[in-house]
Every structure is written in structure tokens, then in C-alpha cells.
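One file, start34.cif, carrying mmCIF, C-alpha atoms and all ligand atoms:
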```cif
data_target
#
loop_
_atom_site.label_atom_id
_atom_site.label_comp_id
_atom_site.auth_asym_id
_atom_site.auth_seq_id
_atom_site.Cartn_x
_atom_site.Cartn_y
_atom_site.Cartn_z
CA MET L 1 -18.86 19.06 10.06
CA LEU L 2 -17.18 15.75 10.90
CA PRO L 3 -13.42 15.63 11.48
CA SER L 4 -10.90 13.98 9.18
CA ASP L 5 -10.41 10.25 9.44
CA ASN L 6 -6.71 9.94 10.21
CA HIS L 7 -6.47 6.15 10.41
CA VAL L 8 -7.62 3.98 7.49
CA HIS L 9 -6.20 0.79 5.93
CA THR L 10 -6.51 -0.42 2.34
CA GLN L 11 -5.40 -3.32 0.16
CA PHE L 12 -1.84 -2.19 0.87
CA SER L 13 -1.99 -3.25 4.52
CA TRP L 14 -0.99 -6.86 5.25
CA ASP L 15 -4.01 -7.58 7.46
CA THR L 16 -6.82 -6.54 5.11
CA GLY L 17 -9.06 -8.84 3.09
CA PRO L 18 -10.58 -8.80 -0.39
CA LYS L 19 -13.07 -6.03 0.48
CA ALA L 20 -10.33 -3.51 1.26
CA SER L 21 -10.07 -0.73 -1.33
CA MET L 22 -8.45 2.67 -1.33
CA GLU L 23 -10.83 3.89 -4.00
CA GLY L 24 -13.82 2.50 -2.12
CA ALA L 25 -12.64 4.16 1.08
CA CYS L 26 -12.43 7.53 -0.70
CA ARG L 27 -15.93 7.09 -2.10
CA ARG L 28 -17.23 6.27 1.37
CA ALA L 29 -15.44 9.28 2.91
CA VAL L 30 -17.14 11.58 0.41
CA GLU L 31 -20.50 9.88 1.05
CA VAL L 32 -20.37 10.40 4.81
CA GLY L 33 -19.03 13.93 4.44
CA LEU L 34 -15.48 13.68 5.72
CA PRO L 35 -13.16 16.54 4.72
CA ALA L 36 -10.05 14.35 4.60
CA ILE L 37 -8.80 10.79 4.90
CA ALA L 38 -5.35 9.46 5.76
CA PHE L 39 -4.28 6.05 4.50
CA THR L 40 -2.09 4.78 7.30
CA GLU L 41 -0.92 1.37 6.11
CA HIS L 42 0.69 -1.07 8.51
CA VAL L 43 4.46 -1.01 8.66
CA ASP L 44 5.55 -4.04 10.69
CA PHE L 45 8.59 -6.27 10.51
CA THR L 46 9.33 -9.95 10.98
CA GLU L 47 12.97 -9.54 12.04
CA TRP L 48 15.32 -6.96 13.45
CA GLY L 49 16.98 -4.58 11.02
CA GLU L 50 20.43 -3.08 11.38
CA ALA L 51 19.61 0.13 13.23
CA ASP L 52 16.77 -1.31 15.30
CA GLN L 53 16.77 -1.48 19.08
CA PRO L 54 15.65 -4.98 20.14
CA PRO L 55 14.39 -4.91 23.74
CA ALA L 56 16.63 -6.92 26.06
CA GLY L 57 17.72 -9.42 23.43
CA ALA L 58 14.17 -10.42 22.55
CA SER L 59 13.43 -12.11 19.26
CA VAL L 60 10.55 -11.13 17.00
CA GLY L 61 7.77 -13.69 17.46
CA VAL L 62 6.04 -15.35 14.51
CA ARG L 63 4.12 -12.82 12.42
CA ARG L 64 2.59 -14.97 9.75
CA ARG L 65 0.92 -12.57 7.36
CA VAL L 66 3.21 -9.58 7.79
CA HIS L 67 4.86 -8.37 4.61
CA SER L 68 6.55 -5.15 3.63
CA LEU L 69 4.59 -2.21 2.25
CA ASP L 70 4.70 -1.80 -1.55
CA VAL L 71 5.60 1.88 -1.25
CA ASP L 72 5.63 2.66 -4.97
CA GLY L 73 2.32 0.92 -5.68
CA TYR L 74 0.79 2.57 -2.65
CA LEU L 75 1.89 6.09 -3.60
CA GLU L 76 0.69 5.58 -7.19
CA SER L 77 -2.70 4.58 -5.85
CA ILE L 78 -2.76 7.69 -3.64
CA GLU L 79 -2.09 9.85 -6.71
CA ARG L 80 -4.85 8.14 -8.72
CA CYS L 81 -7.33 8.71 -5.88
CA ARG L 82 -6.33 12.37 -5.57
CA ASP L 83 -7.17 12.81 -9.26
CA GLN L 84 -10.41 10.91 -8.93
CA PHE L 85 -11.67 12.59 -5.73
CA PRO L 86 -10.62 16.26 -5.90
CA GLU L 87 -13.23 17.22 -3.26
CA LEU L 88 -11.48 15.03 -0.65
CA ARG L 89 -8.11 15.79 0.94
CA ILE L 90 -6.13 12.55 0.79
CA LEU L 91 -3.12 12.10 3.03
CA SER L 92 -0.51 9.39 2.70
CA GLY L 93 0.74 7.73 5.83
CA ILE L 94 1.80 4.69 7.79
CA GLU L 95 0.94 3.03 11.07
CA ALA L 96 4.33 2.15 12.51
CA GLY L 97 4.18 -0.83 14.87
CA GLU L 98 6.53 -0.61 17.88
CA PRO L 99 8.50 2.28 16.33
CA HIS L 100 10.76 2.49 19.39
CA HIS L 101 12.03 -1.07 18.80
CA PHE L 102 12.04 -0.89 14.98
CA ALA L 103 13.50 2.63 14.75
CA GLY L 104 15.94 1.89 11.93
CA SER L 105 13.52 -0.18 9.88
CA VAL L 106 10.75 2.43 10.17
CA ALA L 107 13.17 5.23 9.26
CA ALA L 108 14.14 3.34 6.10
CA VAL L 109 10.50 3.06 5.01
CA LEU L 110 9.88 6.75 5.72
CA LYS L 111 12.90 7.64 3.58
CA SER L 112 11.53 5.64 0.65
CA GLY L 113 8.48 7.85 0.04
CA THR L 114 6.43 10.84 1.15
CA PHE L 115 4.21 10.16 4.12
CA ASP L 116 1.99 12.91 5.52
CA ARG L 117 0.69 11.10 8.58
CA VAL L 118 2.68 8.76 10.83
CA LEU L 119 0.84 6.88 13.57
CA GLY L 120 2.71 5.20 16.40
CA SER L 121 1.22 1.90 17.59
CA LEU L 122 1.94 -0.75 20.12
CA HIS L 123 0.45 -4.11 19.14
CA SER L 124 3.15 -6.37 20.61
CA ILE L 125 4.93 -6.68 23.93
CA VAL L 126 7.84 -8.81 25.08
CA HIS L 127 6.71 -12.04 26.69
CA ASP L 128 9.09 -14.95 27.47
CA GLY L 129 11.85 -13.35 25.42
CA ARG L 130 9.76 -12.87 22.31
CA LEU L 131 7.94 -9.88 20.89
CA VAL L 132 4.37 -11.17 20.56
CA TYR L 133 0.93 -9.72 19.87
CA ALA L 134 -0.51 -8.45 23.14
CA ASN L 135 -3.81 -10.24 22.47
CA ASP L 136 -1.94 -13.57 22.38
CA VAL L 137 -0.71 -12.99 25.93
CA PHE L 138 -4.20 -12.94 27.45
CA GLY L 139 -4.68 -16.31 29.11
CA THR L 140 -1.05 -16.65 30.16
CA MET L 141 -1.36 -14.06 32.94
CA PRO L 142 -4.11 -12.14 34.76
CA ALA L 143 -5.72 -9.75 32.27
CA ALA L 144 -5.06 -6.67 34.41
CA ASP L 145 -1.35 -7.57 34.62
CA LEU L 146 -1.17 -7.77 30.86
CA VAL L 147 -2.83 -4.36 30.47
CA ARG L 148 -0.35 -2.87 33.00
CA ALA L 149 2.57 -4.42 31.10
CA TYR L 150 1.13 -2.92 27.93
CA PHE L 151 0.93 0.58 29.41
CA ALA L 152 4.49 0.30 30.76
CA GLU L 153 5.74 -0.56 27.27
CA LEU L 154 3.57 2.17 25.72
CA LEU L 155 5.29 4.71 27.98
CA ARG L 156 8.66 3.51 26.66
CA LEU L 157 7.32 3.84 23.12
CA VAL L 158 6.16 7.43 23.67
CA GLU L 159 9.37 8.45 25.41
CA GLY L 160 11.62 6.48 23.09
CA SER L 161 10.34 7.42 19.63
CA ASP L 162 9.92 10.78 17.94
CA VAL L 163 9.19 9.32 14.51
CA PHE L 164 5.41 9.26 14.93
CA GLN L 165 3.00 12.21 15.05
CA VAL L 166 -0.09 10.63 16.62
CA LEU L 167 -0.37 7.90 19.25
CA ALA L 168 -2.88 5.35 17.95
CA HIS L 169 -5.31 3.26 20.06
CA CYS L 170 -3.61 3.86 23.43
CA ASP L 171 -5.40 0.95 25.10
CA TYR L 172 -5.33 -1.55 22.24
CA PRO L 173 -5.61 -4.70 24.47
CA ARG L 174 -9.06 -3.65 25.67
CA ARG L 175 -10.35 -4.90 22.31
CA TYR L 176 -9.41 -8.40 23.47
CA TRP L 177 -10.24 -8.11 27.19
CA PRO L 178 -11.61 -11.56 28.19
CA ALA L 179 -15.32 -11.61 29.07
CA ARG L 180 -14.59 -13.98 31.98
CA ASP L 181 -12.79 -11.09 33.74
CA GLY L 182 -15.92 -8.93 33.71
CA ALA L 183 -16.16 -5.52 32.07
CA TYR L 184 -13.01 -3.57 31.20
CA ARG L 185 -12.90 -0.58 33.54
CA GLU L 186 -10.85 2.43 32.49
CA ALA L 187 -10.83 3.60 36.13
CA ASP L 188 -8.77 0.52 37.15
CA PHE L 189 -5.95 1.87 34.99
CA GLU L 190 -6.33 5.61 35.58
CA GLU L 191 -2.74 6.06 36.79
CA GLU L 192 -1.37 4.11 33.82
CA TYR L 193 -3.42 6.16 31.34
CA ARG L 194 -2.43 9.43 32.98
CA THR L 195 1.27 8.53 33.01
CA VAL L 196 1.27 7.80 29.28
CA PHE L 197 -0.82 10.92 28.61
CA ARG L 198 1.63 13.15 30.53
CA ALA L 199 4.52 11.85 28.45
CA LEU L 200 2.63 12.27 25.18
CA ALA L 201 1.49 15.78 26.11
CA ALA L 202 5.09 16.71 27.00
CA SER L 203 6.05 15.83 23.42
CA ASP L 204 3.14 17.95 22.11
CA ARG L 205 1.58 15.16 20.08
CA PRO L 206 -2.12 14.31 19.60
CA LEU L 207 -3.85 11.29 21.07
CA GLU L 208 -6.05 9.26 18.75
CA LEU L 209 -9.63 8.44 19.55
CA ASN L 210 -9.93 5.07 17.82
CA THR L 211 -13.50 4.13 16.95
CA ALA L 212 -12.70 0.50 16.12
CA SER L 213 -11.83 -0.02 19.79
CA PRO L 214 -14.60 0.10 22.40
CA LEU L 215 -15.20 3.85 22.45
CA ALA L 216 -13.27 5.83 25.05
CA SER L 217 -15.41 7.57 27.64
CA ALA L 218 -15.58 11.34 28.07
CA THR L 219 -13.87 10.76 31.43
CA LEU L 220 -10.91 9.14 29.70
CA MET L 221 -10.63 12.04 27.25
CA GLN L 222 -10.91 14.36 30.23
CA TRP L 223 -7.79 12.70 31.73
CA TRP L 224 -6.00 13.49 28.47
CA TYR L 225 -7.19 17.10 28.72
CA ASP L 226 -6.18 17.34 32.41
CA GLU L 227 -2.68 16.06 31.68
CA GLY L 228 -2.16 18.83 29.14
CA GLY L 229 -3.08 16.92 25.99
CA PRO L 230 -2.83 19.39 23.11
CA ALA L 231 -5.07 17.71 20.56
CA VAL L 232 -7.18 14.73 19.52
CA SER L 233 -7.01 12.85 16.23
CA PHE L 234 -10.04 10.85 15.07
CA GLY L 235 -9.37 7.44 13.54
CA SER L 236 -11.80 4.74 12.43
CA ASP L 237 -9.02 2.15 11.90
CA ALA L 238 -11.24 0.96 9.03
CA HIS L 239 -10.03 -2.12 7.15
CA VAL L 240 -13.04 -2.00 4.76
CA PRO L 241 -14.61 1.05 3.10
CA LEU L 242 -17.89 0.70 4.99
CA ARG L 243 -16.12 1.47 8.29
CA VAL L 244 -14.57 4.78 7.21
CA GLY L 245 -15.69 7.51 9.62
CA ASP L 246 -17.48 4.89 11.71
CA GLN L 247 -19.07 6.29 14.92
CA PHE L 248 -17.60 9.73 14.33
CA GLU L 249 -20.85 11.49 15.36
CA VAL L 250 -20.60 9.91 18.83
CA ALA L 251 -16.83 10.33 19.00
CA VAL L 252 -17.15 14.05 18.37
CA ASP L 253 -19.53 14.38 21.31
CA VAL L 254 -17.15 12.48 23.60
CA VAL L 255 -14.20 14.67 22.63
CA GLU L 256 -16.23 17.87 22.89
CA ALA L 257 -17.47 16.91 26.36
CA ALA L 258 -13.84 16.66 27.46
CA GLY L 259 -13.17 20.24 26.35
CA PHE L 260 -11.62 19.89 22.90
CA ARG L 261 -12.83 21.93 19.91
CA PRO L 262 -12.33 21.85 16.13
CA GLY L 263 -8.87 23.14 15.19
CA ARG L 264 -7.68 25.80 12.76
CA ASP L 265 -9.63 24.40 9.82
CA GLU L 266 -11.69 21.36 8.90
CA TYR L 267 -8.56 19.30 8.20
CA ASP L 268 -6.91 19.98 11.53
CA PHE L 269 -6.89 17.90 14.70
CA TRP L 270 -9.31 18.97 17.44
CA ARG L 271 -7.52 21.16 19.96
CA ARG L 272 -7.85 22.38 23.54
ZN ZN U 301 -3.18 -0.70 15.11
ZN ZN U 302 -4.72 0.48 12.23
#
```

Please, can you express the file's structure as C-alpha cells?
Amino acid sequence: MLPSDNHVHTQFSWDTGPKASMEGACRRAVEVGLPAIAFTEHVDFTEWGEADQPPAGASVGVRRRVHSLDVDGYLESIERCRDQFPELRILSGIEAGEPHHFAGSVAAVLKSGTFDRVLGSLHSIVHDGRLVYANDVFGTMPAADLVRAYFAELLRLVEGSDVFQVLAHCDYPRRYWPARDGAYREADFEEEYRTVFRALAASDRPLELNTASPLASATLMQWWYDEGGPAVSFGSDAHVPLRVGDQFEVAVDVVEAAGFRPGRDEYDFWRR
């Protein structure tokens, strides 16, 4: 039995294209045999809201395509899919970008609807006084320095936000690691990973294994286990139906090798 896919985007996320479809994603989830799917749409902002906590006076950099989530339309679509796919457990949710900086803005979205699953994500870091996508910073500094800056900010996110339930793609910049710098080596950042993992474990929240990123090694998941990590959430980060549950067979082996096992039932996270 495959685990639930706790990280999927649909037409309601600002960065998806014409192939994105909530209905199509449900159909695919049933096809590949997933027990449940969570639609965690992007919640990002282009400016600071009233109760936000801008880091050191930084401005929000240009975020061209970002728009607000159509909460009502989204929740209606969730309801339609629940009627249409009774064999699939369908969770509502969001992927909150930089929830420690945008605390007030994220809280306002959460108050406007019912969201079962809240992912916490760091896509942007402060660079030259602006909050910019981490991948845009490669090239302006040594790649390893950028990754260290990312982990330092991720620690502040984990320690500074209790609004999210699962930490998504903990090493997001590795997706964009420049080939000219050789292979990305998890071992070069072991201390940084472990520091973030300790903080996340202390707050008793699951770590996501994100299968859209280069797949984490069993050693990396072992660090999470060693640091007291309570659970693992599986997420495809699919932006098209075809990617729902992508690589979950391999991901399950990686997580099992690190010592985690299926949880209380088929819908649960995997637990130690
Ligand atoms: Zn993300
Ligand atoms: Zn995502």
C-alpha cells in the first residue's frame, strides 16, 4: 500500500499551466492506488500585510505570476471531487511560502476556509534587502554559501512559525544546484540539515520527502530519524495529474531503510 500524497497543486495554484486539474489529479491518484491526496495550493504574497513580520526591513521582490488563492472556488472544487471520487480521501490544504515572514497574511487565508493540511515552505531568502527566490540567487554567490544561507533561514522558519504542520522540501535549492559546481552532496551540509531537523523534531512535526526534488538518500532520512524526527510525509509536489504519487515506490524504500514505518492507518504519516 502506497502512502497518501500530501503535496499536490492544481489549477488553483498560481504556478500551474493548462494541464493542471484537480479532477485529473484525483483520477490519477485512484489509478496508482493512493489512499488519499491533499491539494496544497500555493499561498504566496507580493507585499507585506498588516500583521506580517518583514525580515530586517526587506521588501518583497518581484513575484510576477503570484496571485491570491480563490478560496471559495477551490473549496467548491474540493467538494465536487469528494462527491465524484468517494473511494479517495481528499484533503484540502495550502503550501504557505515563508510563513514566518507572512504570518498575518497566512493567518487571514487560513481563517477564510477549512484547510486540512498546511505545508510550510521556504522558496525565498533575503538578498540585497529584497526577498527573492532562492534559485535566482545562484550565480551571485558561491552555491554552497547560498545553500547555507537557505538552511539558516529555514531554521528561523521552523522556530518562528507554528502555523504549518509539515515542513516541505527542506533542501529546495538543490533542485537548482548549478552543474558547474559538481554534484550536490548532502554530506557537505550535514550539520545544517541536522540543526533544522532537531528544531523540527522538537516541535513534533513531520518532515516531507518531496519526490519532485532530487530524491533524498536513506542517509539523509536517517539523520532525521537520529535527531528524533517523529514522522515522514510523502509529497509528489505534482503540478500536473501525471506526476501524482510520482516515485512513491522508491520513496517508501528510502524512508523504510531509515527506520520509519506506516502509521496508524493508511491515511497517516509514516512514523518511527
Ligand atoms: Zn514549494
Ligand atoms: Zn509545492

Excluding Trp224 in chain L and its own-chain neighbours fewer than 6 positions away, which residues fall within 10 Å of it when counting all atoms listed in the file? Please give them as an mmCIF file with C-alpha atoms, in the frame of the given file.
```cif
data_model
loop_
_atom_site.group_PDB
_atom_site.id
_atom_site.type_symbol
_atom_site.label_atom_id
_atom_site.label_comp_id
_atom_site.auth_asym_id
_atom_site.auth_seq_id
_atom_site.Cartn_x
_atom_site.Cartn_y
_atom_site.Cartn_z
ATOM 1 C CA TYR L 193 -3.420 6.160 31.340
ATOM 2 C CA ARG L 194 -2.430 9.430 32.980
ATOM 3 C CA THR L 195 1.270 8.530 33.010
ATOM 4 C CA VAL L 196 1.270 7.800 29.280
ATOM 5 C CA PHE L 197 -0.820 10.920 28.610
ATOM 6 C CA ARG L 198 1.630 13.150 30.530
ATOM 7 C CA LEU L 200 2.630 12.270 25.180
ATOM 8 C CA ALA L 201 1.490 15.780 26.110
ATOM 9 C CA PRO L 206 -2.120 14.310 19.600
ATOM 10 C CA LEU L 207 -3.850 11.290 21.070
ATOM 11 C CA ALA L 218 -15.580 11.340 28.070
ATOM 12 C CA PRO L 230 -2.830 19.390 23.110
ATOM 13 C CA ALA L 231 -5.070 17.710 20.560
ATOM 14 C CA VAL L 232 -7.180 14.730 19.520
ATOM 15 C CA ALA L 258 -13.840 16.660 27.460
#
```

So how many Å separate CA of Asp72 in chain L and CA of Ala212 in chain L, to one decimal?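 Taking CA of Asp72 in chain L and CA of Ala212 in chain L, their separation equals 28.0 Å.
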
For Met22 in chain L, please output as a VMD selection string all residues within 9 Å (counting only C-alpha atoms; exclusion window: fewer than 5 positions along the same chain). chain L and resid 8 to 12 27 39 77 to 78 81 240 to 241

Would you mind telling me which residue in L:Arg272, L:Gly120, L:Ala183, L:Val250 lies nearest to Gln222 in chain L when using all atoms listed in the file?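 Once distances to Gln222 in chain L are computed over all atoms listed in the file, the minimum belongs to L:Arg272.
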
Under the rule of at most 12 Å, produce a per-residue listing of chain L near ligand ZN 301 (chain U): chain, number, name, the closest pair of atoms, and the distance in Å, as a Markdown table, using all atoms listed in the file.
```
| residue | atom | partner | partner_atom | distance |
| --- | --- | --- | --- | --- |
| L:His7 | CA | U:ZN301 | ZN | 8.9 |
| L:Val8 | CA | U:ZN301 | ZN | 10.0 |
| L:His9 | CA | U:ZN301 | ZN | 9.8 |
| L:Ser13 | CA | U:ZN301 | ZN | 11.0 |
| L:Trp14 | CA | U:ZN301 | ZN | 11.8 |
| L:Asp15 | CA | U:ZN301 | ZN | 10.3 |
| L:Thr40 | CA | U:ZN301 | ZN | 9.6 |
| L:Glu41 | CA | U:ZN301 | ZN | 9.5 |
| L:His42 | CA | U:ZN301 | ZN | 7.7 |
| L:Val43 | CA | U:ZN301 | ZN | 10.0 |
| L:Asp44 | CA | U:ZN301 | ZN | 10.3 |
| L:Ile94 | CA | U:ZN301 | ZN | 10.4 |
| L:Glu95 | CA | U:ZN301 | ZN | 6.9 |
| L:Ala96 | CA | U:ZN301 | ZN | 8.4 |
| L:Gly97 | CA | U:ZN301 | ZN | 7.4 |
| L:Glu98 | CA | U:ZN301 | ZN | 10.1 |
| L:Val118 | CA | U:ZN301 | ZN | 11.9 |
| L:Leu119 | CA | U:ZN301 | ZN | 8.7 |
| L:Gly120 | CA | U:ZN301 | ZN | 8.4 |
| L:Ser121 | CA | U:ZN301 | ZN | 5.7 |
| L:Leu122 | CA | U:ZN301 | ZN | 7.2 |
| L:His123 | CA | U:ZN301 | ZN | 6.4 |
| L:Ser124 | CA | U:ZN301 | ZN | 10.1 |
| L:Tyr133 | CA | U:ZN301 | ZN | 11.0 |
| L:Ala134 | CA | U:ZN301 | ZN | 11.5 |
| L:Val166 | CA | U:ZN301 | ZN | 11.8 |
| L:Leu167 | CA | U:ZN301 | ZN | 9.9 |
| L:Ala168 | CA | U:ZN301 | ZN | 6.7 |
| L:His169 | CA | U:ZN301 | ZN | 6.7 |
| L:Cys170 | CA | U:ZN301 | ZN | 9.5 |
| L:Asp171 | CA | U:ZN301 | ZN | 10.4 |
| L:Tyr172 | CA | U:ZN301 | ZN | 7.5 |
| L:Pro173 | CA | U:ZN301 | ZN | 10.5 |
| L:Arg175 | CA | U:ZN301 | ZN | 11.0 |
| L:Glu208 | CA | U:ZN301 | ZN | 11.0 |
| L:Asn210 | CA | U:ZN301 | ZN | 9.3 |
| L:Thr211 | CA | U:ZN301 | ZN | 11.5 |
| L:Ala212 | CA | U:ZN301 | ZN | 9.6 |
| L:Ser213 | CA | U:ZN301 | ZN | 9.9 |
| L:Gly235 | CA | U:ZN301 | ZN | 10.3 |
| L:Ser236 | CA | U:ZN301 | ZN | 10.5 |
| L:Asp237 | CA | U:ZN301 | ZN | 7.2 |
| L:Ala238 | CA | U:ZN301 | ZN | 10.2 |
| L:His239 | CA | U:ZN301 | ZN | 10.6 |
```

Between L:His101, L:Ala187, L:Glu31, L:Val244, which residue has the minimum interatomic distance to ligand ZN 302 (chain U), considering all atoms listed in the file?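 Under the stated criterion, the closest residue is L:Val244.
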
For ligand ZN 302 (chain U), which residue among L:Leu75, L:Val32, L:Ala38, L:Val132 is the nearest when counting only C-alpha atoms and all ligand atoms? L:Ala38

Quick one: residues within 12 Å of Pro35 in chain L, only C-alpha atoms, excluding same-chain residues fewer than 3 positions away - as a list of chain:residue names?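 Returned residues: L:Met1, L:Leu2, L:Pro3, L:Ser4, L:Asp5, L:Asn6, L:Cys26, L:Arg27, L:Arg28, L:Ala29, L:Val30, L:Glu31, L:Val32, L:Ala38, L:Phe85, L:Pro86, L:Glu87, L:Leu88, L:Arg89, L:Ile90, L:Leu91, L:Gly245, L:Asp265, L:Glu266, L:Tyr267, L:Asp268, L:Phe269.
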
Rounded to one decimal place, report the CA of Pro99 in chain L-CA of Gly49 in chain L distance in Å.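 For CA of Pro99 in chain L relative to CA of Gly49 in chain L, the distance reads 12.1 Å.
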
With all atoms listed in the file as the atoms that count, which of L:Gly93, L:His127, L:Gly259, L:Ala149 lies nearest to ligand ZN 302 (chain U)?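 Going through L:Gly93, L:His127, L:Gly259, L:Ala149 one by one, the smallest distance to ligand ZN 302 (chain U) is for L:Gly93.
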
Between L:Asp83, L:Asn135, L:Val71, L:Ser59, which has the minimum distance to Lys111 in chain L (counting only C-alpha atoms)?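 Among the listed residues, the smallest separation from Lys111 in chain L belongs to L:Val71.
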
Using Å and a single decimal, report how far CA of His67 in chain L sits from CA of Ala103 in chain L.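 The value is 17.3 Å.
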
L:Tyr176, L:Asp204, L:Asp52, L:Ser233 ranked by distance to Ala143 in chain L, top pick (using all atoms listed in the file): L:Tyr176

Would you pick out the contacts of Ala51 in chain L at 10 Å or less, using only C-alpha atoms, so that residues sharing its chain but fewer than 3 positions from it are not included, and give the list as a list in words?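 In the requested form, the answer reads Trp48, Pro54, His101, Phe102, Ala103, Gly104, Ser105, Val106, Ala107 and Ala108 of chain L.
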